[in-house]
Amino acid sequence: MKRDERGSALIEAAALAPLLLIPVLYLALTLHRAEQARLAAAAGARDAARAYATAPSTDDARAWSHAAVRTAFADQGMPGARLDITFAREPGATCDRSSVTAPVLTPGDAVLVCVRATVALPFADRGIVRGAFPAGLPVSAQAVAVVDDHRGDPP
Amino acid sequence: MSGRDDGSAVVEHVLVLALLLVIALGVVQVTLLVHARAIAVASAAEGARAAAGIGQTPADGAAAAEQVLRTSLGAGYAAGLHCTGSTDGSAGEPEVVVVCSGRVPLRVLGLGDVTIRVTGHAVRERS
């Protein structure tokens, strides 16, 4: 090593380390988003199932369920998450099956709510890069609620 | 380099490494903080949901949220957080709103604490 290069390795390390920290920070932000989305999806699915089971009509049920999931995602700071919510009649229903029976609001029946959401990567959904990165974090959750045995008749 | 500078490279090395260590710990601290915040949001929403049932009051929701905070974050972290419940009908449907706010300690770096404030919503169930 030449005399005038002494200490330059140290400077390089000091300059490079913050640069290398940026991917780590981005990974941390991404994991944070994934955590938020998972918490929101789980809570939203449970709340949506309960909302569905207590609604007076299936139209109200769908609207209330969608509102419940949106509320859960808004609470976690993701009001714009792309949501896909499906309902199925339990038992025997799964979230993957395409041919599901529509749930009914008969006492004792059960409804399965499946929530799928795609959350944009950090900084990928704003500014000039919006739409440039279609990739997102997929999360899903499901919940079952039983229609109450002693619910009142629909008005 | 004169003889008086001998060994200064070691000192520089130690200083830079110490700085890098602090930066790395800072990343860990921020990660823990945002994790705690996400858990706090979930707890507040959980409390709001608990208060949304028939016969429940917003105060019940606040108590439930604090209970969830204590079990999910740990008593030490949750000690500085307090929740209040209220109802809000401005969005059309009557909602229960639980707000949890307070101070969360920054234990990794030992830099005191920061104030966070999170809100959870739930639509009240109809009788």
# chains A, B, ... in the order shown; residues from 1 in each chain; ligands from 1

$ select_by_dssp --residues "chain B" --states "strand (DSSP E)" --output "short mmCIF file (atom, residue, chain, number, x, y, z; two decimals) with C-alpha atoms, in the first residue's frame"
data_model
loop_
_atom_site.label_atom_id
_atom_site.label_comp_id
_atom_site.auth_asym_id
_atom_site.auth_seq_id
_atom_site.Cartn_x
_atom_site.Cartn_y
_atom_site.Cartn_z
CA LEU B 81 -49.56 2.86 27.41
CA HIS B 82 -53.10 3.80 28.35
CA CYS B 83 -56.27 3.40 26.36
CA THR B 84 -59.51 5.33 26.25
CA GLY B 85 -62.70 4.35 24.53
CA SER B 86 -65.38 6.46 22.91
CA THR B 87 -68.18 6.19 20.42
CA ASP B 88 -68.28 7.98 17.11
CA GLU B 95 -68.42 3.08 15.78
CA VAL B 96 -66.38 2.31 18.86
CA VAL B 97 -63.02 4.04 18.83
CA VAL B 98 -60.26 2.96 21.17
CA VAL B 99 -57.20 5.20 21.37
CA CYS B 100 -54.05 3.92 23.04
CA SER B 101 -51.28 6.38 23.70
CA GLY B 102 -48.25 6.67 25.90
CA ARG B 103 -44.55 6.16 26.05
CA VAL B 104 -42.67 3.15 24.75
CA PRO B 105 -39.13 2.67 26.08
CA ASP B 113 -38.68 6.61 25.31
CA VAL B 114 -40.91 7.85 22.51
CA THR B 115 -44.58 8.71 22.51
CA ILE B 116 -46.90 6.72 20.29
CA ARG B 117 -50.61 7.07 19.69
CA VAL B 118 -52.67 4.46 17.87
CA THR B 119 -56.35 4.12 17.11
CA GLY B 120 -58.61 1.12 16.59
CA HIS B 121 -62.12 1.14 15.14
CA ALA B 122 -65.00 -1.30 15.19
CA VAL B 123 -68.59 -0.94 14.04
#

$ closest_atom_pairs --of "chain B" --to "chain A" --cutoff "8 Å" --atoms "only C-alpha atoms" --output "CSV"
residue,atom,partner,partner_atom,distance
B:Ala9,CA,A:Gly7,CA,7.0
B:Glu12,CA,A:Leu10,CA,8.0
B:His13,CA,A:Leu10,CA,6.9
B:Val16,CA,A:Ala14,CA,6.6
B:Leu20,CA,A:Ala17,CA,7.3
B:Ala24,CA,A:Leu21,CA,8.0
B:Val27,CA,A:Leu25,CA,7.0
B:Thr31,CA,A:Ala28,CA,6.4
B:Val34,CA,A:His32,CA,7.0
B:His35,CA,A:His32,CA,6.7
B:Ala38,CA,A:Gln36,CA,6.0
B:Val41,CA,A:Gln76,CA,6.4
B:Ala42,CA,A:Leu39,CA,6.6
B:Ala45,CA,A:Asp75,CA,7.4
B:Glu46,CA,A:Ala43,CA,7.8
B:Arg49,CA,A:Asp47,CA,7.7
B:Thr119,CA,A:Asp75,CA,6.6
B:Gly120,CA,A:Asp75,CA,5.7
B:His121,CA,A:Thr71,CA,6.7
B:Ala122,CA,A:Thr71,CA,7.3
B:Val123,CA,A:Ala68,CA,7.4
B:Glu125,CA,A:Ala51,CA,7.7
B:Arg126,CA,A:Thr54,CA,7.9

$ write_last_selection --atoms "C-alpha atoms" --output "short mmCIF file (atom, residue, chain, number, x, y, z; two decimals), in the first residue's frame"
data_model
loop_
_atom_site.label_atom_id
_atom_site.label_comp_id
_atom_site.auth_asym_id
_atom_site.auth_seq_id
_atom_site.Cartn_x
_atom_site.Cartn_y
_atom_site.Cartn_z
CA ALA B 9 -5.18 3.86 13.12
CA GLU B 12 -9.77 5.37 14.39
CA HIS B 13 -10.82 1.80 13.75
CA VAL B 16 -15.62 3.93 13.32
CA LEU B 20 -21.29 1.47 12.90
CA ALA B 24 -26.84 -1.13 13.45
CA VAL B 27 -31.90 -0.15 12.94
CA THR B 31 -37.60 -2.27 13.89
CA VAL B 34 -42.52 -0.24 14.56
CA HIS B 35 -43.26 -3.82 15.62
CA ALA B 38 -48.21 -2.56 14.89
CA VAL B 41 -52.74 -0.91 16.68
CA ALA B 42 -53.95 -4.51 16.67
CA ALA B 45 -58.67 -2.61 17.32
CA GLU B 46 -59.15 -5.73 19.43
CA ARG B 49 -64.10 -5.03 18.74
CA THR B 119 -56.35 4.12 17.11
CA GLY B 120 -58.61 1.12 16.59
CA HIS B 121 -62.12 1.14 15.14
CA ALA B 122 -65.00 -1.30 15.19
CA VAL B 123 -68.59 -0.94 14.04
CA GLU B 125 -73.25 -4.55 16.55
CA ARG B 126 -76.94 -3.93 16.11
#

$ select_by_dssp --residues "chain B" --states "alpha helix (DSSP H)" --output "short mmCIF file (atom, residue, chain, number, x, y, z; two decimals) with N, CA and C atoms, in the first residue's frame"
data_model
loop_
_atom_site.label_atom_id
_atom_site.label_comp_id
_atom_site.auth_asym_id
_atom_site.auth_seq_id
_atom_site.Cartn_x
_atom_site.Cartn_y
_atom_site.Cartn_z
N SER B 8 -2.55 5.44 15.93
CA SER B 8 -3.78 6.20 15.78
C SER B 8 -4.78 5.47 14.90
N ALA B 9 -4.27 4.61 13.98
CA ALA B 9 -5.18 3.86 13.12
C ALA B 9 -6.07 2.94 13.95
N VAL B 10 -5.50 2.37 14.99
CA VAL B 10 -6.30 1.49 15.85
C VAL B 10 -7.42 2.28 16.51
N VAL B 11 -7.08 3.47 16.99
CA VAL B 11 -8.10 4.30 17.63
C VAL B 11 -9.20 4.65 16.65
N GLU B 12 -8.77 5.04 15.42
CA GLU B 12 -9.77 5.37 14.39
C GLU B 12 -10.68 4.18 14.13
N HIS B 13 -10.05 3.01 14.00
CA HIS B 13 -10.82 1.80 13.75
C HIS B 13 -11.89 1.59 14.82
N VAL B 14 -11.46 1.72 16.04
CA VAL B 14 -12.39 1.51 17.15
C VAL B 14 -13.53 2.52 17.09
N LEU B 15 -13.19 3.77 16.79
CA LEU B 15 -14.22 4.81 16.75
C LEU B 15 -15.23 4.53 15.64
N VAL B 16 -14.71 4.19 14.44
CA VAL B 16 -15.62 3.93 13.32
C VAL B 16 -16.49 2.71 13.59
N LEU B 17 -15.86 1.65 14.13
CA LEU B 17 -16.63 0.46 14.43
C LEU B 17 -17.71 0.74 15.47
N ALA B 18 -17.36 1.58 16.45
CA ALA B 18 -18.35 1.93 17.46
C ALA B 18 -19.53 2.67 16.82
N LEU B 19 -19.19 3.56 15.89
CA LEU B 19 -20.25 4.31 15.20
C LEU B 19 -21.15 3.36 14.41
N LEU B 20 -20.51 2.42 13.69
CA LEU B 20 -21.29 1.47 12.90
C LEU B 20 -22.17 0.60 13.80
N LEU B 21 -21.64 0.24 14.95
CA LEU B 21 -22.42 -0.57 15.89
C LEU B 21 -23.65 0.19 16.35
N VAL B 22 -23.46 1.49 16.64
CA VAL B 22 -24.59 2.30 17.07
C VAL B 22 -25.65 2.38 15.96
N ILE B 23 -25.18 2.54 14.70
CA ILE B 23 -26.13 2.61 13.59
C ILE B 23 -26.90 1.29 13.46
N ALA B 24 -26.18 0.17 13.57
CA ALA B 24 -26.84 -1.13 13.45
C ALA B 24 -27.86 -1.32 14.57
N LEU B 25 -27.47 -0.94 15.78
CA LEU B 25 -28.41 -1.05 16.90
C LEU B 25 -29.60 -0.12 16.70
N GLY B 26 -29.34 1.02 16.07
CA GLY B 26 -30.44 1.93 15.77
C GLY B 26 -31.46 1.30 14.85
N VAL B 27 -30.98 0.56 13.85
CA VAL B 27 -31.90 -0.15 12.94
C VAL B 27 -32.73 -1.16 13.73
N VAL B 28 -32.04 -1.90 14.61
CA VAL B 28 -32.76 -2.89 15.43
C VAL B 28 -33.82 -2.19 16.28
N GLN B 29 -33.43 -1.03 16.84
CA GLN B 29 -34.36 -0.30 17.70
C GLN B 29 -35.59 0.17 16.93
N VAL B 30 -35.35 0.73 15.75
CA VAL B 30 -36.48 1.21 14.94
C VAL B 30 -37.40 0.04 14.58
N THR B 31 -36.79 -1.09 14.23
CA THR B 31 -37.60 -2.27 13.89
C THR B 31 -38.47 -2.70 15.06
N LEU B 32 -37.87 -2.73 16.25
CA LEU B 32 -38.65 -3.12 17.43
C LEU B 32 -39.77 -2.12 17.69
N LEU B 33 -39.47 -0.84 17.46
CA LEU B 33 -40.47 0.19 17.73
C LEU B 33 -41.66 0.06 16.78
N VAL B 34 -41.39 -0.13 15.49
CA VAL B 34 -42.52 -0.24 14.56
C VAL B 34 -43.28 -1.54 14.81
N HIS B 35 -42.57 -2.58 15.25
CA HIS B 35 -43.26 -3.82 15.62
C HIS B 35 -44.20 -3.56 16.79
N ALA B 36 -43.69 -2.85 17.81
CA ALA B 36 -44.52 -2.55 18.98
C ALA B 36 -45.73 -1.72 18.57
N ARG B 37 -45.52 -0.81 17.61
CA ARG B 37 -46.62 0.04 17.17
C ARG B 37 -47.68 -0.79 16.44
N ALA B 38 -47.24 -1.71 15.59
CA ALA B 38 -48.21 -2.56 14.89
C ALA B 38 -49.02 -3.39 15.88
N ILE B 39 -48.33 -3.91 16.89
CA ILE B 39 -49.03 -4.70 17.91
C ILE B 39 -50.02 -3.81 18.67
N ALA B 40 -49.61 -2.55 18.94
CA ALA B 40 -50.49 -1.64 19.67
C ALA B 40 -51.74 -1.33 18.85
N VAL B 41 -51.58 -1.15 17.54
CA VAL B 41 -52.74 -0.91 16.68
C VAL B 41 -53.69 -2.10 16.74
N ALA B 42 -53.12 -3.30 16.63
CA ALA B 42 -53.95 -4.51 16.67
C ALA B 42 -54.67 -4.62 18.01
N SER B 43 -53.97 -4.25 19.09
CA SER B 43 -54.59 -4.33 20.41
C SER B 43 -55.73 -3.33 20.55
N ALA B 44 -55.51 -2.11 20.05
CA ALA B 44 -56.57 -1.10 20.11
C ALA B 44 -57.79 -1.55 19.32
N ALA B 45 -57.55 -2.12 18.13
CA ALA B 45 -58.67 -2.61 17.32
C ALA B 45 -59.37 -3.77 18.02
N GLU B 46 -58.57 -4.61 18.68
CA GLU B 46 -59.15 -5.73 19.43
C GLU B 46 -60.05 -5.22 20.56
N GLY B 47 -59.58 -4.17 21.24
CA GLY B 47 -60.39 -3.57 22.29
C GLY B 47 -61.68 -2.99 21.74
N ALA B 48 -61.56 -2.30 20.60
CA ALA B 48 -62.76 -1.71 19.99
C ALA B 48 -63.76 -2.80 19.62
N ARG B 49 -63.23 -3.92 19.11
CA ARG B 49 -64.10 -5.03 18.74
C ARG B 49 -64.78 -5.61 19.97
N ALA B 50 -64.03 -5.69 21.08
CA ALA B 50 -64.62 -6.23 22.30
C ALA B 50 -65.74 -5.32 22.79
N PRO B 58 -67.69 1.55 25.83
CA PRO B 58 -66.33 1.88 25.35
C PRO B 58 -65.26 1.70 26.42
N ALA B 59 -65.64 1.91 27.71
CA ALA B 59 -64.65 1.71 28.77
C ALA B 59 -64.22 0.24 28.85
N ASP B 60 -65.18 -0.67 28.60
CA ASP B 60 -64.82 -2.09 28.56
C ASP B 60 -63.80 -2.34 27.46
N GLY B 61 -63.99 -1.66 26.32
CA GLY B 61 -63.06 -1.82 25.21
C GLY B 61 -61.67 -1.33 25.56
N ALA B 62 -61.60 -0.19 26.27
CA ALA B 62 -60.30 0.33 26.68
C ALA B 62 -59.60 -0.65 27.61
N ALA B 63 -60.36 -1.21 28.55
CA ALA B 63 -59.78 -2.18 29.48
C ALA B 63 -59.30 -3.42 28.73
N ALA B 64 -60.11 -3.88 27.75
CA ALA B 64 -59.72 -5.05 26.96
C ALA B 64 -58.45 -4.77 26.17
N ALA B 65 -58.37 -3.56 25.59
CA ALA B 65 -57.18 -3.21 24.81
C ALA B 65 -55.94 -3.21 25.68
N GLU B 66 -56.05 -2.67 26.89
CA GLU B 66 -54.88 -2.66 27.78
C GLU B 66 -54.49 -4.07 28.18
N GLN B 67 -55.51 -4.92 28.37
CA GLN B 67 -55.22 -6.32 28.71
C GLN B 67 -54.46 -7.00 27.56
N VAL B 68 -54.92 -6.77 26.32
CA VAL B 68 -54.25 -7.37 25.17
C VAL B 68 -52.83 -6.82 25.04
N LEU B 69 -52.67 -5.52 25.28
CA LEU B 69 -51.34 -4.91 25.21
C LEU B 69 -50.40 -5.57 26.22
N ARG B 70 -50.90 -5.79 27.43
CA ARG B 70 -50.05 -6.37 28.46
C ARG B 70 -49.61 -7.77 28.08
N THR B 71 -50.52 -8.56 27.50
CA THR B 71 -50.15 -9.93 27.18
C THR B 71 -49.33 -10.03 25.90
N SER B 72 -49.52 -9.10 24.96
CA SER B 72 -48.81 -9.24 23.69
C SER B 72 -47.49 -8.48 23.66
N LEU B 73 -47.42 -7.34 24.31
CA LEU B 73 -46.17 -6.57 24.32
C LEU B 73 -45.33 -6.86 25.55
N ALA B 75 -45.60 -6.72 30.07
CA ALA B 75 -46.03 -5.71 31.04
C ALA B 75 -45.10 -4.50 31.04
N GLY B 76 -43.80 -4.73 30.82
CA GLY B 76 -42.85 -3.63 30.88
C GLY B 76 -43.09 -2.60 29.78
N TYR B 77 -43.32 -3.10 28.57
CA TYR B 77 -43.56 -2.18 27.46
C TYR B 77 -44.94 -1.55 27.54
N ALA B 78 -45.92 -2.33 28.04
CA ALA B 78 -47.30 -1.84 28.04
C ALA B 78 -47.56 -0.90 29.21
#

$ atom_distance --atom1 "atom CA of A:Leu105" --atom2 "atom CA of A:Tyr52"
8.4 Å

$ decode --residues "stretch 15-55 of chain A" --atoms "N, CA and C atoms" --output "PDB file, in the first residue's frame"
ATOM      1  N   ALA A  15     -18.042   4.896   4.693  1.00  0.00           N
ATOM      2  CA  ALA A  15     -18.969   5.385   3.675  1.00  0.00           C
ATOM      3  C   ALA A  15     -19.865   4.268   3.152  1.00  0.00           C
ATOM      4  N   LEU A  16     -19.297   3.058   3.083  1.00  0.00           N
ATOM      5  CA  LEU A  16     -20.049   1.945   2.496  1.00  0.00           C
ATOM      6  C   LEU A  16     -21.086   1.378   3.455  1.00  0.00           C
ATOM      7  N   ALA A  17     -20.772   1.403   4.724  1.00  0.00           N
ATOM      8  CA  ALA A  17     -21.661   0.756   5.690  1.00  0.00           C
ATOM      9  C   ALA A  17     -23.076   1.335   5.654  1.00  0.00           C
ATOM     10  N   PRO A  18     -23.238   2.670   5.661  1.00  0.00           N
ATOM     11  CA  PRO A  18     -24.603   3.194   5.555  1.00  0.00           C
ATOM     12  C   PRO A  18     -25.269   2.798   4.251  1.00  0.00           C
ATOM     13  N   LEU A  19     -24.472   2.712   3.179  1.00  0.00           N
ATOM     14  CA  LEU A  19     -25.031   2.304   1.889  1.00  0.00           C
ATOM     15  C   LEU A  19     -25.571   0.877   1.975  1.00  0.00           C
ATOM     16  N   LEU A  20     -24.786   0.019   2.649  1.00  0.00           N
ATOM     17  CA  LEU A  20     -25.230  -1.366   2.786  1.00  0.00           C
ATOM     18  C   LEU A  20     -26.403  -1.489   3.752  1.00  0.00           C
ATOM     19  N   LEU A  21     -26.566  -0.498   4.593  1.00  0.00           N
ATOM     20  CA  LEU A  21     -27.676  -0.552   5.552  1.00  0.00           C
ATOM     21  C   LEU A  21     -29.017  -0.282   4.879  1.00  0.00           C
ATOM     22  N   ILE A  22     -28.971   0.390   3.716  1.00  0.00           N
ATOM     23  CA  ILE A  22     -30.226   0.743   3.053  1.00  0.00           C
ATOM     24  C   ILE A  22     -31.053  -0.503   2.685  1.00  0.00           C
ATOM     25  N   PRO A  23     -30.439  -1.528   2.070  1.00  0.00           N
ATOM     26  CA  PRO A  23     -31.228  -2.742   1.817  1.00  0.00           C
ATOM     27  C   PRO A  23     -31.766  -3.374   3.093  1.00  0.00           C
ATOM     28  N   VAL A  24     -30.955  -3.323   4.153  1.00  0.00           N
ATOM     29  CA  VAL A  24     -31.426  -3.889   5.420  1.00  0.00           C
ATOM     30  C   VAL A  24     -32.645  -3.121   5.921  1.00  0.00           C
ATOM     31  N   LEU A  25     -32.575  -1.791   5.819  1.00  0.00           N
ATOM     32  CA  LEU A  25     -33.703  -0.969   6.240  1.00  0.00           C
ATOM     33  C   LEU A  25     -34.938  -1.259   5.395  1.00  0.00           C
ATOM     34  N   TYR A  26     -34.724  -1.434   4.091  1.00  0.00           N
ATOM     35  CA  TYR A  26     -35.852  -1.721   3.199  1.00  0.00           C
ATOM     36  C   TYR A  26     -36.471  -3.070   3.550  1.00  0.00           C
ATOM     37  N   LEU A  27     -35.619  -4.033   3.868  1.00  0.00           N
ATOM     38  CA  LEU A  27     -36.125  -5.344   4.282  1.00  0.00           C
ATOM     39  C   LEU A  27     -36.956  -5.197   5.556  1.00  0.00           C
ATOM     40  N   ALA A  28     -36.440  -4.378   6.501  1.00  0.00           N
ATOM     41  CA  ALA A  28     -37.176  -4.178   7.748  1.00  0.00           C
ATOM     42  C   ALA A  28     -38.536  -3.538   7.477  1.00  0.00           C
ATOM     43  N   LEU A  29     -38.561  -2.539   6.591  1.00  0.00           N
ATOM     44  CA  LEU A  29     -39.824  -1.877   6.253  1.00  0.00           C
ATOM     45  C   LEU A  29     -40.798  -2.851   5.591  1.00  0.00           C
ATOM     46  N   THR A  30     -40.241  -3.708   4.705  1.00  0.00           N
ATOM     47  CA  THR A  30     -41.087  -4.676   4.024  1.00  0.00           C
ATOM     48  C   THR A  30     -41.694  -5.667   5.015  1.00  0.00           C
ATOM     49  N   LEU A  31     -40.852  -6.143   5.944  1.00  0.00           N
ATOM     50  CA  LEU A  31     -41.355  -7.068   6.954  1.00  0.00           C
ATOM     51  C   LEU A  31     -42.411  -6.388   7.826  1.00  0.00           C
ATOM     52  N   HIS A  32     -42.189  -5.096   8.102  1.00  0.00           N
ATOM     53  CA  HIS A  32     -43.168  -4.348   8.895  1.00  0.00           C
ATOM     54  C   HIS A  32     -44.504  -4.306   8.167  1.00  0.00           C
ATOM     55  N   ARG A  33     -44.457  -4.048   6.878  1.00  0.00           N
ATOM     56  CA  ARG A  33     -45.697  -4.030   6.087  1.00  0.00           C
ATOM     57  C   ARG A  33     -46.382  -5.379   6.115  1.00  0.00           C
ATOM     58  N   ALA A  34     -45.563  -6.427   5.950  1.00  0.00           N
ATOM     59  CA  ALA A  34     -46.146  -7.773   5.953  1.00  0.00           C
ATOM     60  C   ALA A  34     -46.819  -8.049   7.288  1.00  0.00           C
ATOM     61  N   GLU A  35     -46.173  -7.609   8.366  1.00  0.00           N
ATOM     62  CA  GLU A  35     -46.759  -7.833   9.692  1.00  0.00           C
ATOM     63  C   GLU A  35     -48.080  -7.081   9.824  1.00  0.00           C
ATOM     64  N   GLN A  36     -48.063  -5.796   9.410  1.00  0.00           N
ATOM     65  CA  GLN A  36     -49.288  -5.002   9.481  1.00  0.00           C
ATOM     66  C   GLN A  36     -50.400  -5.651   8.667  1.00  0.00           C
ATOM     67  N   ALA A  37     -50.057  -6.110   7.456  1.00  0.00           N
ATOM     68  CA  ALA A  37     -51.075  -6.689   6.587  1.00  0.00           C
ATOM     69  C   ALA A  37     -51.634  -7.972   7.187  1.00  0.00           C
ATOM     70  N   ARG A  38     -50.755  -8.781   7.781  1.00  0.00           N
ATOM     71  CA  ARG A  38     -51.225 -10.026   8.380  1.00  0.00           C
ATOM     72  C   ARG A  38     -52.148  -9.751   9.563  1.00  0.00           C
ATOM     73  N   LEU A  39     -51.751  -8.815  10.411  1.00  0.00           N
ATOM     74  CA  LEU A  39     -52.606  -8.470  11.558  1.00  0.00           C
ATOM     75  C   LEU A  39     -53.951  -7.952  11.076  1.00  0.00           C
ATOM     76  N   ALA A  40     -53.910  -7.095  10.048  1.00  0.00           N
ATOM     77  CA  ALA A  40     -55.154  -6.507   9.547  1.00  0.00           C
ATOM     78  C   ALA A  40     -56.031  -7.568   8.906  1.00  0.00           C
ATOM     79  N   ALA A  41     -55.413  -8.476   8.136  1.00  0.00           N
ATOM     80  CA  ALA A  41     -56.205  -9.501   7.459  1.00  0.00           C
ATOM     81  C   ALA A  41     -56.863 -10.431   8.472  1.00  0.00           C
ATOM     82  N   ALA A  42     -56.103 -10.841   9.493  1.00  0.00           N
ATOM     83  CA  ALA A  42     -56.660 -11.754  10.485  1.00  0.00           C
ATOM     84  C   ALA A  42     -57.804 -11.095  11.244  1.00  0.00           C
ATOM     85  N   ALA A  43     -57.562  -9.858  11.718  1.00  0.00           N
ATOM     86  CA  ALA A  43     -58.607  -9.163  12.470  1.00  0.00           C
ATOM     87  C   ALA A  43     -59.791  -8.840  11.573  1.00  0.00           C
ATOM     88  N   GLY A  44     -59.502  -8.428  10.340  1.00  0.00           N
ATOM     89  CA  GLY A  44     -60.573  -8.078   9.414  1.00  0.00           C
ATOM     90  C   GLY A  44     -61.439  -9.281   9.074  1.00  0.00           C
ATOM     91  N   ALA A  45     -60.816 -10.437   8.862  1.00  0.00           N
ATOM     92  CA  ALA A  45     -61.583 -11.634   8.521  1.00  0.00           C
ATOM     93  C   ALA A  45     -62.508 -12.021   9.674  1.00  0.00           C
ATOM     94  N   ARG A  46     -61.974 -11.967  10.882  1.00  0.00           N
ATOM     95  CA  ARG A  46     -62.793 -12.341  12.049  1.00  0.00           C
ATOM     96  C   ARG A  46     -63.964 -11.372  12.210  1.00  0.00           C
ATOM     97  N   ASP A  47     -63.660 -10.084  12.098  1.00  0.00           N
ATOM     98  CA  ASP A  47     -64.704  -9.070  12.240  1.00  0.00           C
ATOM     99  C   ASP A  47     -65.733  -9.185  11.109  1.00  0.00           C
ATOM    100  N   ALA A  48     -65.244  -9.487   9.902  1.00  0.00           N
ATOM    101  CA  ALA A  48     -66.150  -9.598   8.755  1.00  0.00           C
ATOM    102  C   ALA A  48     -67.085 -10.797   8.923  1.00  0.00           C
ATOM    103  N   ALA A  49     -66.537 -11.909   9.434  1.00  0.00           N
ATOM    104  CA  ALA A  49     -67.378 -13.089   9.624  1.00  0.00           C
ATOM    105  C   ALA A  49     -68.492 -12.800  10.632  1.00  0.00           C
ATOM    106  N   ARG A  50     -68.108 -12.141  11.728  1.00  0.00           N
ATOM    107  CA  ARG A  50     -69.113 -11.794  12.736  1.00  0.00           C
ATOM    108  C   ARG A  50     -70.137 -10.821  12.155  1.00  0.00           C
ATOM    109  N   ALA A  51     -69.660  -9.836  11.393  1.00  0.00           N
ATOM    110  CA  ALA A  51     -70.582  -8.875  10.779  1.00  0.00           C
ATOM    111  C   ALA A  51     -71.540  -9.579   9.832  1.00  0.00           C
ATOM    112  N   TYR A  52     -71.006 -10.529   9.065  1.00  0.00           N
ATOM    113  CA  TYR A  52     -71.856 -11.264   8.122  1.00  0.00           C
ATOM    114  C   TYR A  52     -72.942 -12.022   8.870  1.00  0.00           C
ATOM    115  N   ALA A  53     -72.526 -12.703   9.955  1.00  0.00           N
ATOM    116  CA  ALA A  53     -73.463 -13.570  10.663  1.00  0.00           C
ATOM    117  C   ALA A  53     -74.536 -12.783  11.401  1.00  0.00           C
ATOM    118  N   THR A  54     -74.293 -11.515  11.682  1.00  0.00           N
ATOM    119  CA  THR A  54     -75.277 -10.738  12.437  1.00  0.00           C
ATOM    120  C   THR A  54     -76.090  -9.811  11.542  1.00  0.00           C
ATOM    121  N   ALA A  55     -75.836  -9.832  10.240  1.00  0.00           N
ATOM    122  CA  ALA A  55     -76.528  -8.896   9.350  1.00  0.00           C
ATOM    123  C   ALA A  55     -77.951  -9.364   9.079  1.00  0.00           C
TER     124      ALA A  55
END
